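A.B. asks: Below you will find the structure I want to go over with you.
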Amino acid sequence: MILLLTKVVFSQQYEIFGKIINTKGDPVSGAIINVTPENLHSISTQNGTFKISGLKRGHYKIVISYVGYKIEEQSISIPNTANLVVTLKPSVELLQEVIIEDHHASEKRREESHNIEIVNNQFIEQNLGGSLMQSLRRLPGVSSMDIGAGVSKPVLRGLSFNRVAVAENGIKHEAQQWGADHGLEINQQTISEAEIIKGAASLIYGSDAIGGVINLKSISVPMENTSGGNLLVSAQSVNDQIGSSLNIYGRKTKVYFTTNGSWSDYADYKVPTSVVNIYSYPVQLNNNRMRNTAGQEGSVNLTIGYKTDSLHSNIHLSGYFSKVGFFANAHGLEPINVDRQLHDADKRDIQLPFQEVKHLKANYHIARTGKNHLLRFDLGWQHNLREERGPYINHGYMPETLPDSLGVAETLERKFIKNTVSANLTDQFKIHNHTFQSGVQTSFQKNEIGGWNFIIPEFTQIQSGAFIYDKWKLNEKVLLHSGLRFDIGHINSKEYYDWYKSRILDQETNDTTYENLQRATNLNKTFSNLSYAVGINYNLKHFEGKAHLGKSYRMPTAKELAANGVNFHTFSYDIGNQNLHPEESYQLDVSGEFHYPLWAFQLSPFVNYFPNYIYLNPTPFFDFEHGAGNQIFEYHESEVIRFGGEIHGHYKIMESLKMGVIAEYVFSEQLSGEKKNYTLPFSPPPTLLFSLKYTPNITDKFMGTYFSIDYKLTGKQSRIVPPEFETEGYSLVNLSMGTKLKWNQQWVHFTFRVNNLFDKKYLNNTSYYRLINLPEPGINFSVSVKIPFTF
């Protein structure tokens with residue numbers, strides 16, 4: 001790596017100097033200067049002066065912004081431009097950091113053929129939900145699979161689990177995403193930017209990006225000679241959640257640091273009913289609360305970095321913790337027999353059953369800019385510990401009590417330990433009108449298990465891939481994209497025998513013996529794949545068109561290959577399939593957007609074909625011998641066709657009043673297999689969202705004030721696959737408002753939100769608890785206050 005970096009030859013570089021003043025001629029201190037497309041930043045000094053280094057010959061756009069002033073944009077040419085004097089005019093429309101993020105997002109969407117959504121932490125704060133994915137699901141094509149009010153996993157156009165890759169700060173996030181009841185395990189308070197890529201994205205991100213990518217950034221480099229932070233306090237009524245987050249940053253000229261600490265505590269969440277029916281059993285609720293769904297979540301983050309014009313390096317350390325209860329009546333073999341007095345005594349305590357997660361990360365990043373090159377290296381280590389605890393439940397031939405000789409706690413149902421080491425090396429370079437990106441990626445996993453209940457074996461996994469991608473600027477209007485990638489992966493799972501003896505009946509001799517039943521055999525599988533993608537961008541002044549065609553790939557998981565046990569969370573007996581092939585997908589995405597000062601309209605259809613979609617298929621059989629009478633589910637492959645898309649538009653009624661609409665539709669059908677002509681599990685129903693947002697200019701003391709109302713219509717989902725059942729359509733009304741108040745030279749952020757205003761009882765077709773007929777949370781009032789400060 002050192003040899004590669006030292007061979008970079010630098011081109012001649014230039015500097016520009018300038019001064020920022022207001023309309024009275026006074027210097028403006030603290031204004032932000034952003035130069036694109038190089039994405040260089042500076043901040044004006046107390047005298048209003050600034051300097052930007054590291055520029056090569058060429059044309060650039062310089063964007064200057066400051067709180068309370070209108071954004072100023074100028075085109076410059078290097079080396080012809082050396083000194084600038086920029087005058088800012090007063091305005092109270094938007095904060096400067098919002099303008100910068102919007103500009104960055106729009107530029108990236110114009111240059112990428114993927115269908116991309118990019119939002120910053122202000123969007124998350126204004127749409128704050130119980131988890132990161134609940135806060136992001138207002139975006140077109142984005143939804144979440146919720147496990148209660150505080151845990152969820154991403155769903156992009158109906159695809160989830162290991163078909164959506166999540167990356168944080170350049171390293172793929174490795175948790176236990178194979179489980180329906182396993183959340184994302186990332187604290188949303190630490191995220192500064194979220195990029196959502198919808199569609200085939202395996203070319204750059206490898207396996208698991210077959211349905212898209214959630215690309216998260218939790219590291220923001222502070223401006224030179226600045227120090228400060230912010231304190232965020234939040235609360236929600238549906239589960240009596242209280243939370244806080246403290247961010248502190250500092251930077252001199254080259255060395256910087258950022259740190260964050262967050263904590264959240266919430267009680268059992270409330271639903272709009274006093275009785276729920278679980279498999280026809282009526283279950284009484286105490287004060288409409290879903291007993292034992294309380295939880296806690298915390299995280300700490302530290303980044304130390306070094307940044308110059310040509311070199312950026314940092315070390316990022318993070319720790320995440322959560323403890324969340326499972327709904328007491330939806331766990332085990334007899335959900336009706338629950339100690340109601342114990343669970344209803346305290347709405348905030350967490351009794352058995354519950355899940356506890358610890359996730360540690362250590363990442364190293366270095367990027368160096370040379371002559372037409374950007375060389376980047378990322379190295380990451382992750383440790384994920386997940387424990388699922390519940391009362392000991394003997395089934396099959398398990399003894400009535402857990403023997404002490406086993407050395408396992410009676411409450412430890414399942415334990416998963418995953419250690420992952422990942423490394424990525426990429427080089428971006430330009431040759432004439434071509435911008436190439438090449439890279440190699442590799443990762444190693446070691447997965448261990450524990451507890452008295454078996455579901456998947458221990459295994460190790462190695463994955464490696466190499467890719468080349470070309471972005472060809474044909475002219476000012478047209479960009480052409482093409483790329484090729486090769487992946488190879490190996491999984492080695494260990495054999496597993498029950499710790500207790502089961503009865504074995506010899507069918508030929510009719511003799512009965514008692515042996516430790518083998519649940520898993522030694523398995524060694526190697527998979528390989530060739531992925532590719534082509535795309536085009538066509539950009540005009542008021543129109544942006546794009547198309548992307550790609551083949552993606554996903555390596556089967558250990559659960560899909562080797563599962564063999566009772567899943568108490570879904571009342572099923574899951575069996576893997578060692579003959580599964582790597583899952584492949586072919587997807588075409590098209591997008592066209594018209595945008596004018598008063599209105600904008602975007603249409604984004606897609607079509608997706610799987611020759612071998614892997615899914616858990618319910619059989620008509622039940623295992624009474626070893627599986628406590630649970631229905632047997634087996635992993636199968638099926639040919640699948642999917643299509644749909646999103647419509648997104650808005651119209652500015654007046655300067656401070658804007659209306660919008662978002663429509664989403666996904667159709668899925670299995671073309672082969674036992675469930676031919678059926679849809680896929682957890683298929684989202686069609687939705688239509690109408691919004692109205694009012695942004696008045698009140699006084700100089702307030703900024704960014706807004707009032708908004710959302711009216712969401714969700715259609716009936718009658719296209720299901722057993723054992724699912726149809727879900728009725730419903731409508732929801734959500735309200736939100738916010739403002740920024742100037743206090744002690746800082747802008748304090750206030751947000752207030754009401755979800756499910758009319759306390760509607762409904763079932764979400766992508767919810768984990770929907771399978772057992774549990775409704776979604778009721779009316780929820782949430783408030784947050786963010787107080788920035790400087791040193």
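Chains: A, B, ... in order of the structure tokens. Residues: from 1 per chain. Ligands: from 1, in order shown.
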Please list as a ChimeraX atom specification every residue within 10 Å of range 719-732 of chain A, counting only C-alpha atoms and excluding residues in the same chain fewer than 3 positions away.

C.D. replies: /A:617-619,631,667-670,675-689,710-716,755-765,770-773

A.B. asks: Next, the residues of the selection above should be written as a short mmCIF file (atom, residue, chain, number, x, y, z; two decimals), in the first residue's frame with C-alpha atoms.

C.D. replies:
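Below is the file selection_1.cif, written as the result:
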```
data_model
loop_
_atom_site.label_atom_id
_atom_site.label_comp_id
_atom_site.auth_asym_id
_atom_site.auth_seq_id
_atom_site.Cartn_x
_atom_site.Cartn_y
_atom_site.Cartn_z
CA ASN A 617 -41.48 -21.89 1.57
CA PRO A 618 -44.22 -23.14 3.96
CA THR A 619 -45.00 -26.83 3.51
CA GLN A 631 -45.23 -26.02 10.61
CA PHE A 667 -45.80 -6.19 -8.35
CA SER A 668 -44.17 -9.58 -7.74
CA GLU A 669 -45.02 -13.04 -9.03
CA GLN A 670 -43.37 -16.44 -8.80
CA LYS A 675 -45.89 -21.31 -5.09
CA LYS A 676 -46.18 -20.58 -8.81
CA ASN A 677 -48.49 -17.60 -9.54
CA TYR A 678 -48.17 -16.40 -5.93
CA THR A 679 -46.42 -13.19 -4.94
CA LEU A 680 -43.40 -12.96 -2.59
CA PRO A 681 -43.54 -12.73 1.22
CA PHE A 682 -43.85 -9.24 2.71
CA SER A 683 -44.85 -7.66 -0.63
CA PRO A 684 -45.69 -3.98 -0.01
CA PRO A 685 -49.12 -2.72 -1.09
CA PRO A 686 -49.51 0.38 -3.31
CA THR A 687 -49.29 3.71 -1.49
CA LEU A 688 -50.13 7.32 -2.26
CA LEU A 689 -48.86 10.22 -0.15
CA ASP A 710 -49.11 14.30 5.19
CA TYR A 711 -52.09 12.24 4.10
CA LYS A 712 -51.07 8.69 3.23
CA LEU A 713 -53.32 6.16 1.49
CA THR A 714 -52.27 2.51 1.55
CA GLY A 715 -54.13 0.03 -0.62
CA LYS A 716 -55.40 -3.42 0.25
CA ASN A 755 -47.92 10.36 13.60
CA ASN A 756 -51.22 8.51 13.13
CA LEU A 757 -53.18 11.59 14.17
CA PHE A 758 -56.55 9.79 14.40
CA ASP A 759 -55.17 6.74 16.25
CA LYS A 760 -55.99 4.41 13.34
CA LYS A 761 -55.86 0.65 13.90
CA TYR A 762 -54.20 -0.99 10.89
CA LEU A 763 -51.86 -3.79 9.82
CA ASN A 764 -48.64 -3.04 7.94
CA ASN A 765 -47.99 -5.75 5.34
CA ARG A 770 -48.27 -8.66 10.99
CA LEU A 771 -47.91 -12.46 10.64
CA ILE A 772 -49.62 -12.88 14.00
CA ASN A 773 -52.25 -10.18 13.41
#
```

A.B. asks: Using the chain letters and numbers from this document, which residues of range 535-717 of chain A does DSSP assign to helix (DSSP H, G or I), as an NGL selection string?

C.D. replies: :A and (558-562)

A.B. asks: So that I can see what lies close to Val408 in chain A, please list as an MDAnalysis selection string the residues with an atom at most 10 Å from it, counting only C-alpha atoms and leaving out residues fewer than 6 positions away in the same chain.

C.D. replies: chainID A and resid 402 450:452

A.B. asks: Find the residues near range 392-397 of chain A: any atom within 7 Å, counting only C-alpha atoms, skip ones fewer than 3 places away on the same chain, and give them as JSON, numbers by chain.

C.D. replies: {"A": [400, 410, 411, 501, 502, 625, 626, 627, 628]}

A.B. asks: Within 8 Å of range 547-559 of chain A, counting only C-alpha atoms, which residues qualify if same-chain residues fewer than 3 places away don't, as number ranges by chain?

C.D. replies: A: 113-114, 163, 178, 200-203, 206-210, 455-457, 459, 489, 491, 493, 527, 529, 531-537, 562-563, 576, 580-591

A.B. asks: Compare A:Tyr496, A:Phe571, A:Trp599, A:Tyr538 by their minimum atom-to-atom distance to Asn630 in chain A, counting only C-alpha atoms, and give me the closest one.

C.D. replies: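 Of A:Tyr496, A:Phe571, A:Trp599, A:Tyr538, the one nearest Asn630 in chain A, counting only C-alpha atoms, is A:Phe571.
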
A.B. asks: Pick from A:Leu374, A:Val67, A:Leu231, A:Ile52: nearest to Lys701 in chain A, with only C-alpha atoms counted?

C.D. replies: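 Closest residue, counting only C-alpha atoms: A:Val67.
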
A.B. asks: Quick one: residues within 9 Å of Ile204 in chain A, only C-alpha atoms counted, chain neighbours fewer than 3 positions away excluded, as a PyMOL selection string?

C.D. replies: chain A and resi 201+209+439+466-469+483+485

A.B. asks: Could you take the residues named above and write them with N, CA and C atoms, as a PDB file, in the first residue's frame?

C.D. replies:
```pdb
ATOM      1  N   ALA A 201     -27.055  -3.053  -7.452  1.00  0.00           N
ATOM      2  CA  ALA A 201     -25.870  -2.282  -7.076  1.00  0.00           C
ATOM      3  C   ALA A 201     -24.696  -3.172  -6.718  1.00  0.00           C
ATOM      4  N   ALA A 209     -26.104  -6.594  -2.322  1.00  0.00           N
ATOM      5  CA  ALA A 209     -26.616  -5.339  -2.884  1.00  0.00           C
ATOM      6  C   ALA A 209     -27.523  -5.618  -4.074  1.00  0.00           C
ATOM      7  N   GLY A 439     -11.407  -1.373  -8.292  1.00  0.00           N
ATOM      8  CA  GLY A 439     -11.242  -1.706  -6.892  1.00  0.00           C
ATOM      9  C   GLY A 439     -11.238  -3.191  -6.632  1.00  0.00           C
ATOM     10  N   ALA A 466     -13.545  -8.041  -7.459  1.00  0.00           N
ATOM     11  CA  ALA A 466     -12.785  -7.005  -8.149  1.00  0.00           C
ATOM     12  C   ALA A 466     -13.673  -6.412  -9.237  1.00  0.00           C
ATOM     13  N   PHE A 467     -13.572  -5.087  -9.434  1.00  0.00           N
ATOM     14  CA  PHE A 467     -14.443  -4.438 -10.413  1.00  0.00           C
ATOM     15  C   PHE A 467     -13.718  -3.316 -11.136  1.00  0.00           C
ATOM     16  N   ILE A 468     -14.254  -2.966 -12.285  1.00  0.00           N
ATOM     17  CA  ILE A 468     -13.821  -1.809 -13.061  1.00  0.00           C
ATOM     18  C   ILE A 468     -15.070  -1.101 -13.560  1.00  0.00           C
ATOM     19  N   TYR A 469     -15.094   0.221 -13.408  1.00  0.00           N
ATOM     20  CA  TYR A 469     -16.274   1.008 -13.765  1.00  0.00           C
ATOM     21  C   TYR A 469     -15.820   2.256 -14.507  1.00  0.00           C
ATOM     22  N   GLY A 483     -19.621  -1.158 -16.518  1.00  0.00           N
ATOM     23  CA  GLY A 483     -18.774  -1.752 -15.495  1.00  0.00           C
ATOM     24  C   GLY A 483     -18.871  -3.264 -15.489  1.00  0.00           C
ATOM     25  N   ARG A 485     -17.677  -6.829 -12.922  1.00  0.00           N
ATOM     26  CA  ARG A 485     -17.205  -7.268 -11.613  1.00  0.00           C
ATOM     27  C   ARG A 485     -17.189  -8.789 -11.550  1.00  0.00           C
TER      28      ARG A 485
END
```

A.B. asks: Would you mind listing, for every residue of range 221-335 of chain A within 9 Å of range 27-50 of chain A, the two atoms forming the shortest contact and the distance between them in Å to one decimal, using only C-alpha atoms, sorted by chain and ascending residue number, as a tab-separated table?

C.D. replies:
```
residue	atom	partner	partner_atom	distance
A:Met223	CA	A:Ile43	CA	6.5
A:Glu224	CA	A:Ile43	CA	7.0
A:Asn225	CA	A:Ile43	CA	8.7
A:Asp309	CA	A:Leu40	CA	8.4
```
